[in-house]
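What follows is the content of final18.cif (mmCIF, C-alpha atoms).
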data_run
#
loop_
_atom_site.label_atom_id
_atom_site.label_comp_id
_atom_site.auth_asym_id
_atom_site.auth_seq_id
_atom_site.Cartn_x
_atom_site.Cartn_y
_atom_site.Cartn_z
CA MET A 1 105.12 107.96 63.65
CA LYS A 2 101.99 106.81 61.87
CA ILE A 3 98.43 107.84 62.71
CA SER A 4 95.37 106.10 61.28
CA THR A 5 91.92 107.66 61.06
CA VAL A 6 88.47 106.14 60.56
CA LYS A 7 85.20 108.04 60.26
CA ARG A 8 82.26 107.02 62.47
CA GLY A 9 79.45 109.34 61.41
CA SER A 10 80.51 112.86 62.37
CA VAL A 11 83.26 111.55 64.65
CA CYS A 12 86.83 110.85 63.61
CA VAL A 13 88.46 107.88 65.33
CA VAL A 14 92.23 108.35 65.56
CA ILE A 15 94.76 105.58 66.25
CA PRO A 16 98.33 106.68 67.02
CA HIS A 17 100.66 103.78 66.17
CA VAL A 18 103.25 104.53 68.81
CA ASN A 19 104.25 103.02 72.17
CA LYS A 20 105.45 106.18 73.85
CA ILE A 21 104.20 109.76 73.58
CA ASP A 22 106.94 111.78 75.24
CA ALA A 23 109.12 114.79 74.47
CA SER A 24 111.00 112.93 71.74
CA ILE A 25 107.84 112.67 69.66
CA ALA A 26 105.36 115.16 71.14
CA VAL A 27 106.01 117.90 68.57
CA GLU A 28 105.42 115.54 65.64
CA PHE A 29 102.38 114.00 67.34
CA LYS A 30 100.87 117.43 68.02
CA LYS A 31 101.45 118.60 64.45
CA LYS A 32 99.83 115.53 62.92
CA MET A 33 96.86 115.76 65.24
CA ILE A 34 96.34 119.45 64.56
CA ASP A 35 96.59 118.72 60.83
CA ILE A 36 93.60 116.42 61.33
CA VAL A 37 91.70 119.17 63.16
CA ASN A 38 92.58 121.71 60.48
CA ALA A 39 91.27 119.29 57.86
CA GLY A 40 87.83 119.74 59.43
CA GLU A 41 87.74 117.03 62.11
CA SER A 42 87.00 118.71 65.44
CA ARG A 43 85.24 115.78 67.10
CA LEU A 44 87.98 113.27 67.79
CA VAL A 45 88.07 109.93 69.56
CA LEU A 46 91.54 108.55 70.28
CA ASN A 47 92.22 104.84 70.49
CA LEU A 48 95.24 104.55 72.82
CA GLN A 49 95.51 100.76 72.73
CA GLU A 50 99.09 100.89 71.42
CA VAL A 51 100.27 103.57 73.86
CA ASP A 52 102.10 102.14 76.88
CA PHE A 53 103.57 105.39 78.11
CA ILE A 54 102.72 109.09 78.07
CA ASP A 55 104.41 111.91 79.96
CA SER A 56 103.65 115.59 80.45
CA SER A 57 104.94 116.46 76.97
CA GLY A 58 102.40 114.06 75.50
CA LEU A 59 99.68 115.45 77.74
CA GLY A 60 100.58 118.96 76.64
CA ALA A 61 100.26 117.95 73.00
CA LEU A 62 96.80 116.53 73.68
CA VAL A 63 95.71 119.67 75.53
CA SER A 64 96.87 121.71 72.55
CA VAL A 65 94.83 119.53 70.20
CA TYR A 66 91.82 119.86 72.50
CA LYS A 67 92.09 123.66 72.44
CA SER A 68 92.59 123.64 68.66
CA ALA A 69 89.34 121.75 68.26
CA GLY A 70 87.52 124.84 69.51
CA PRO A 71 84.38 125.29 71.63
CA ASN A 72 82.31 122.99 69.43
CA GLY A 73 84.98 120.33 69.26
CA ALA A 74 85.87 117.49 71.62
CA VAL A 75 88.57 114.91 72.25
CA LYS A 76 87.65 111.62 73.90
CA LEU A 77 89.83 108.61 74.73
CA PHE A 78 89.32 104.86 74.91
CA HIS A 79 91.41 101.70 75.39
CA VAL A 80 93.55 103.61 77.88
CA LYS A 81 95.98 101.42 79.81
CA ASP A 82 96.20 101.77 83.59
CA SER A 83 99.70 103.27 83.53
CA VAL A 84 98.51 105.92 81.08
CA ARG A 85 95.21 106.55 82.83
CA SER A 86 96.93 107.31 86.13
CA ILE A 87 98.77 110.34 84.74
CA PHE A 88 95.52 111.74 83.35
CA GLU A 89 94.00 111.35 86.81
CA LEU A 90 97.02 112.85 88.56
CA THR A 91 96.81 115.98 86.41
CA ARG A 92 92.98 115.99 86.43
CA LEU A 93 93.00 115.90 82.65
CA ASP A 94 90.70 112.88 82.83
CA LYS A 95 88.00 115.52 83.44
CA VAL A 96 88.85 117.19 80.13
CA PHE A 97 89.27 114.06 78.05
CA GLY A 98 86.48 111.68 78.87
CA ILE A 99 88.03 108.22 79.20
CA HIS A 100 85.83 105.43 77.85
CA VAL A 101 86.12 101.66 77.85
CA SER A 102 85.06 101.11 74.26
CA GLU A 103 85.05 102.89 70.92
CA GLU A 104 81.25 102.70 70.87
CA GLY A 105 80.97 104.46 74.22
CA ALA A 106 83.41 107.18 73.22
CA VAL A 107 81.71 107.81 69.88
CA GLU A 108 78.22 107.79 71.42
CA SER A 109 79.32 110.41 73.94
CA LEU A 110 79.83 112.81 71.03
CA GLU A 111 76.61 112.08 69.16
CA MET B 1 124.35 99.77 97.36
CA GLU B 2 124.61 99.38 93.60
CA GLU B 3 125.04 102.29 91.27
CA PHE B 4 124.69 102.92 87.55
CA TYR B 5 125.68 105.94 85.50
CA LEU B 6 124.62 107.10 82.05
CA ARG B 7 125.82 110.26 80.29
CA PHE B 8 124.54 111.30 76.90
CA PRO B 9 124.37 114.38 74.65
CA ALA B 10 121.50 116.62 75.76
CA LYS B 11 119.31 115.88 72.76
CA MET B 12 115.72 114.71 72.89
CA ARG B 13 116.40 111.83 70.49
CA TYR B 14 118.43 110.14 73.25
CA LEU B 15 115.66 110.42 75.86
CA HIS B 16 114.72 106.75 75.51
CA LEU B 17 118.23 105.68 76.50
CA ALA B 18 117.50 107.01 79.98
CA THR B 19 113.92 105.80 80.30
CA ASN B 20 114.73 102.34 78.97
CA LEU B 21 117.65 101.96 81.37
CA CYS B 22 115.44 103.11 84.23
CA ARG B 23 112.77 100.58 83.37
CA GLU B 24 115.29 97.75 83.19
CA LEU B 25 116.90 98.66 86.51
CA CYS B 26 113.67 99.25 88.40
CA ALA B 27 112.28 95.97 87.12
CA LYS B 28 115.09 94.25 88.99
CA VAL B 29 114.16 95.79 92.33
CA PRO B 30 113.09 92.84 94.51
CA LYS B 31 109.78 94.33 95.56
CA LYS B 32 106.91 91.94 95.26
CA ARG B 33 104.11 94.40 95.85
CA LYS B 34 103.05 96.65 92.98
CA VAL B 35 106.29 96.24 91.11
CA LYS B 36 104.54 97.11 87.88
CA ASP B 37 103.36 100.47 89.20
CA PHE B 38 106.76 101.20 90.68
CA VAL B 39 108.53 100.68 87.37
CA ALA B 40 105.99 102.81 85.48
CA ASP B 41 106.20 105.59 88.06
CA MET B 42 109.98 105.68 88.00
CA GLU B 43 110.06 105.65 84.20
CA LEU B 44 107.66 108.59 84.19
CA CYS B 45 109.78 110.60 86.63
CA ILE B 46 112.97 109.88 84.67
CA SER B 47 111.26 110.99 81.47
CA GLU B 48 110.07 114.23 83.08
CA ALA B 49 113.40 115.00 84.72
CA CYS B 50 115.51 114.21 81.64
CA THR B 51 113.19 116.24 79.41
CA ASN B 52 113.66 119.22 81.73
CA ALA B 53 117.43 118.68 81.87
CA ILE B 54 117.70 118.53 78.07
CA ARG B 55 115.59 121.67 77.70
CA HIS B 56 117.73 123.48 80.29
CA SER B 57 120.74 122.78 78.08
CA GLU B 58 119.18 124.12 74.90
CA GLY B 59 120.83 127.27 73.61
CA LEU B 60 124.21 126.63 75.19
CA GLU B 61 127.16 127.37 72.93
CA GLN B 62 129.07 124.19 73.73
CA GLU B 63 127.61 120.71 73.35
CA ALA B 64 125.88 119.89 76.60
CA TYR B 65 125.35 116.55 78.27
CA THR B 66 122.68 115.07 80.48
CA SER B 67 123.48 112.43 83.07
CA VAL B 68 121.48 109.86 84.96
CA HIS B 69 122.95 108.45 88.17
CA PHE B 70 121.08 105.58 89.84
CA HIS B 71 121.79 104.50 93.39
CA LEU B 72 119.92 101.36 94.39
CA PHE B 73 119.83 100.90 98.16
CA ILE B 74 118.06 98.13 100.02
CA ASP B 75 115.31 100.49 101.13
CA ARG B 76 115.24 103.16 98.41
CA VAL B 77 116.28 104.29 94.99
CA VAL B 78 118.09 107.61 94.57
CA ILE B 79 118.18 109.08 91.07
CA GLN B 80 120.18 112.16 90.13
CA ILE B 81 119.56 113.83 86.78
CA GLY B 82 122.39 116.17 85.83
CA ASP B 83 122.20 119.16 83.50
CA GLU B 84 124.64 121.81 82.32
CA GLY B 85 122.20 124.70 82.08
CA GLU B 86 121.95 127.76 84.30
CA GLY B 87 119.82 125.93 86.82
CA PHE B 88 116.77 127.06 88.73
CA VAL B 89 115.35 127.26 92.24
CA LEU B 90 113.00 124.35 92.78
CA GLU B 91 110.90 126.20 95.32
CA ASP B 92 110.28 129.02 92.82
CA VAL B 93 108.63 126.77 90.26
CA PRO B 94 104.85 127.20 90.61
CA ALA B 95 102.52 124.23 90.59
CA PRO B 96 100.28 124.07 87.53
CA ASP B 97 96.72 125.32 87.90
CA LEU B 98 94.94 122.01 87.40
CA ASN B 99 91.62 123.79 86.97
CA THR B 100 92.70 125.69 83.84
CA HIS B 101 94.39 122.71 82.14
CA PRO B 102 97.59 124.37 80.89
CA GLU B 103 99.65 122.86 78.09
CA ARG B 104 102.91 122.95 80.06
CA GLY B 105 104.21 122.90 83.59
CA TYR B 106 103.19 119.44 84.80
CA GLY B 107 106.65 117.86 84.91
CA LEU B 108 107.89 118.84 88.35
CA TYR B 109 104.38 118.51 89.77
CA ILE B 110 104.29 114.89 88.59
CA ILE B 111 107.75 114.19 90.01
CA LYS B 112 106.88 115.72 93.39
CA SER B 113 103.61 113.78 93.49
CA ILE B 114 105.30 110.42 92.92
CA MET B 115 108.66 110.76 94.65
CA ASP B 116 109.18 110.91 98.42
CA GLU B 117 111.95 113.49 98.29
CA VAL B 118 112.97 115.91 95.54
CA ARG B 119 115.67 118.58 95.60
CA TYR B 120 117.62 120.54 93.03
CA VAL B 121 121.31 121.18 93.61
CA ARG B 122 123.20 123.91 91.75
CA ALA B 123 126.94 123.34 91.57
CA ASP B 124 129.90 124.62 89.58
CA LYS B 125 130.51 121.18 88.08
CA GLY B 126 126.88 120.88 86.98
CA ASN B 127 123.41 120.92 88.46
CA TYR B 128 121.32 117.92 89.30
CA LEU B 129 117.79 117.06 90.33
CA GLU B 130 117.78 114.41 93.05
CA MET B 131 114.74 112.17 93.46
CA ILE B 132 114.32 109.59 96.20
CA LYS B 133 111.73 106.85 96.43
CA PHE B 134 111.55 104.57 99.47
CA PHE B 135 110.37 101.03 98.95
CA ASP B 136 108.45 100.78 102.20
CA LYS B 137 105.95 103.50 101.29
CA PRO B 138 102.93 103.15 99.03
CA PHE B 139 104.01 103.77 95.48
CA HIS B 140 100.83 105.66 94.70
CA ASP B 141 100.84 108.22 97.47
CA ARG B 142 99.15 110.96 95.47
CA SER B 143 98.95 113.29 98.44
CA LEU B 144 99.76 116.31 96.31
CA SER B 145 96.91 115.71 93.91
#
Could you rewrite the structure in this file as structure tokens?
Amino acid sequence: MKISTVKRGSVCVVIPHVNKIDASIAVEFKKKMIDIVNAGESRLVLNLQEVDFIDSSGLGALVSVYKSAGPNGAVKLFHVKDSVRSIFELTRLDKVFGIHVSEEGAVESLE
Amino acid sequence: MEEFYLRFPAKMRYLHLATNLCRELCAKVPKKRKVKDFVADMELCISEACTNAIRHSEGLEQEAYTSVHFHLFIDRVVIQIGDEGEGFVLEDVPAPDLNTHPERGYGLYIIKSIMDEVRYVRADKGNYLEMIKFFDKPFHDRSLS
């Protein structure tokens, strides 16, 4: 799987180029995301526009990334499809990962 | 009643075989209201259940298989996910503490939240998780959340 990154000031915008984040890919996804954190990017904004499906393995990977980012870090989301948003709400992880409509809103929430 | 059966080696790289089949089958259910949500919910539950089944088979000496058995009735869908692991007691699995945001343990909680009936059967010929969703109930009854 490919992940693109773009810097917006002190925030790193991350775009996972994948349709599904489930157990078949969660380990690789988590490793690549934590590599980004370990490279010094602890304030992340994820663009999920290409993600149609996420299950609990994908959620677990994101929680791990969130915890890796540390107390001064953050992980925000935007362009989250309804089918993906509902699982965040069901598990109350929408309270952990702020879900924004736009990239600007997500980035501004970290500035 | 129509039924469909899929059996595949218990390896995570085959997970999409099950979820793709589920999506195709559920898309054919003649339910006009909220069909899109129904398909997404069923795909999610299949993904969770098959992931658990594959993990339950990890570490076995012989090559293990996972199975997906769909039963499409006029009023409900019954899905049985088979595994060849040691099995577990469904009632003994704790719900995740949603206030502490754990990294694992959401799978069965998600299944129970979406499905109308869930049970786990341990048998000599193999265990299976049975999930039932009725078509005449709201698809987003999140009463457990």
Quick check: residues of chain B within 9 Å of chain A, only C-alpha atoms, returned as an NGL selection string. :B and (11-16 or 36-37 or 40-41 or 43-45 or 47-48 or 51 or 96 or 98-99 or 101-107 or 109-110 or 113 or 142 or 144-145)
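Distance check against Val101 of chain A using only C-alpha atoms: of A:Val27, A:Cys12, A:Leu46, A:Met1, the minimum falls on A:Leu46.
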Name the residues that the PyMOL selection byres ((chain B and resi 29) around 10) picks from the file above, as a VMD selection string, using the file's chain letters and numbers. chain B and resid 24 to 28 30 to 32 35 38 to 39 72 to 74 76 to 77 135
Could you state the separation of atom CA of Val118 of chain B and atom CA of Glu91 of chain B in Å, given to one decimal place? 10.5 Å
Considering all atoms listed in the file, return as a ChimeraX atom specification whatever protein or nucleic-acid residues lie within 8 Å of Ile3 of chain A, sequence-local ones (same chain, fewer than 2 positions apart) excluded. /A:1,5,14-17,32
Would you output that residue set with C-alpha atoms, as a compact mmCIF listing (two decimals), keeping the file's coordinate frame?
# COMPACT_ATOMS: atom_id res chain seq x y z
CA MET A 1 105.12 107.96 63.65
CA THR A 5 91.92 107.66 61.06
CA VAL A 14 92.23 108.35 65.56
CA ILE A 15 94.76 105.58 66.25
CA PRO A 16 98.33 106.68 67.02
CA HIS A 17 100.66 103.78 66.17
CA LYS A 32 99.83 115.53 62.92
Tell me which protein, DNA and RNA residues are within 9 Å of Lys133 of chain B, counting all atoms listed in the file, leaving out same-chain ones fewer than 6 positions away, and put them as a PyMOL selection string. chain B and resi 42+75-79+114-117+139
Atomic separation - atom CA of Ala26 of chain A relative to atom CA of Pro9 of chain B, Å: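 Pair atom CA of Pro9 of chain B / atom CA of Ala26 of chain A returns 19.3 Å.
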Would you translate the PyMOL selection byres ((chain A and resi 72) around 12) into the concrete set of residues it matches in this file, as a ChimeraX atom specification? /A:37,40-44,66-71,73-75,110
Let me make sure I understand: among B:Asp124, B:Asp97, B:Asp92, B:Glu84, which one has the smallest atom-to-atom distance to Asn52 of chain B if we use all atoms listed in the file? B:Glu84
What is the distance between atom CA of Phe97 of chain A and atom CA of Ile111 of chain B, in Å to one decimal?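 Value for the atom CA of Phe97 of chain A-atom CA of Ile111 of chain B distance: 22.0 Å.
Point (108.8, 125.9, 96.4) has the following residues at most 12 Å away: Phe88, Val89, Leu90, Glu91, Asp92, Val93, Pro94, Ala95, Leu108, Tyr109, Lys112, Val118, Arg119 and Tyr120 of chain B (atoms considered: all atoms listed in the file).
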List the spatial neighbours of segment 81-83 of chain B as an mmCIF file with C-alpha atoms, in the coordinates of the input - criterion: any atom at most 12 Å away, only C-alpha atoms, same-chain residues fewer than 6 positions off excluded.
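Output saved as out-v6.cif:
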data_model
loop_
_atom_site.group_PDB
_atom_site.id
_atom_site.type_symbol
_atom_site.label_atom_id
_atom_site.label_comp_id
_atom_site.auth_asym_id
_atom_site.auth_seq_id
_atom_site.Cartn_x
_atom_site.Cartn_y
_atom_site.Cartn_z
ATOM 1 C CA TYR B 5 125.680 105.940 85.500
ATOM 2 C CA LEU B 6 124.620 107.100 82.050
ATOM 3 C CA ARG B 7 125.820 110.260 80.290
ATOM 4 C CA PHE B 8 124.540 111.300 76.900
ATOM 5 C CA PRO B 9 124.370 114.380 74.650
ATOM 6 C CA ALA B 10 121.500 116.620 75.760
ATOM 7 C CA LYS B 11 119.310 115.880 72.760
ATOM 8 C CA ALA B 18 117.500 107.010 79.980
ATOM 9 C CA THR B 19 113.920 105.800 80.300
ATOM 10 C CA CYS B 22 115.440 103.110 84.230
ATOM 11 C CA CYS B 45 109.780 110.600 86.630
ATOM 12 C CA ILE B 46 112.970 109.880 84.670
ATOM 13 C CA SER B 47 111.260 110.990 81.470
ATOM 14 C CA GLU B 48 110.070 114.230 83.080
ATOM 15 C CA ALA B 49 113.400 115.000 84.720
ATOM 16 C CA CYS B 50 115.510 114.210 81.640
ATOM 17 C CA THR B 51 113.190 116.240 79.410
ATOM 18 C CA ASN B 52 113.660 119.220 81.730
ATOM 19 C CA ALA B 53 117.430 118.680 81.870
ATOM 20 C CA ILE B 54 117.700 118.530 78.070
ATOM 21 C CA ARG B 55 115.590 121.670 77.700
ATOM 22 C CA HIS B 56 117.730 123.480 80.290
ATOM 23 C CA SER B 57 120.740 122.780 78.080
ATOM 24 C CA GLU B 58 119.180 124.120 74.900
ATOM 25 C CA LEU B 60 124.210 126.630 75.190
ATOM 26 C CA GLU B 63 127.610 120.710 73.350
ATOM 27 C CA ALA B 64 125.880 119.890 76.600
ATOM 28 C CA TYR B 65 125.350 116.550 78.270
ATOM 29 C CA THR B 66 122.680 115.070 80.480
ATOM 30 C CA SER B 67 123.480 112.430 83.070
ATOM 31 C CA VAL B 68 121.480 109.860 84.960
ATOM 32 C CA HIS B 69 122.950 108.450 88.170
ATOM 33 C CA PHE B 70 121.080 105.580 89.840
ATOM 34 C CA HIS B 71 121.790 104.500 93.390
ATOM 35 C CA VAL B 118 112.970 115.910 95.540
ATOM 36 C CA ARG B 119 115.670 118.580 95.600
ATOM 37 C CA TYR B 120 117.620 120.540 93.030
ATOM 38 C CA VAL B 121 121.310 121.180 93.610
ATOM 39 C CA ARG B 122 123.200 123.910 91.750
ATOM 40 C CA ALA B 123 126.940 123.340 91.570
ATOM 41 C CA ASP B 124 129.900 124.620 89.580
ATOM 42 C CA LYS B 125 130.510 121.180 88.080
ATOM 43 C CA GLY B 126 126.880 120.880 86.980
ATOM 44 C CA ASN B 127 123.410 120.920 88.460
ATOM 45 C CA TYR B 128 121.320 117.920 89.300
ATOM 46 C CA LEU B 129 117.790 117.060 90.330
ATOM 47 C CA GLU B 130 117.780 114.410 93.050
ATOM 48 C CA MET B 131 114.740 112.170 93.460
ATOM 49 C CA ILE B 132 114.320 109.590 96.200
#
Please identify all polymer residues lying at most 6 Å from the point (93.9, 104.7, 72.9) (file coordinates), using all atoms listed in the file, and present the result as a list in words. Leu46, Asn47, Leu48, Gln49, Leu77, Phe78, His79 and Val80 of chain A
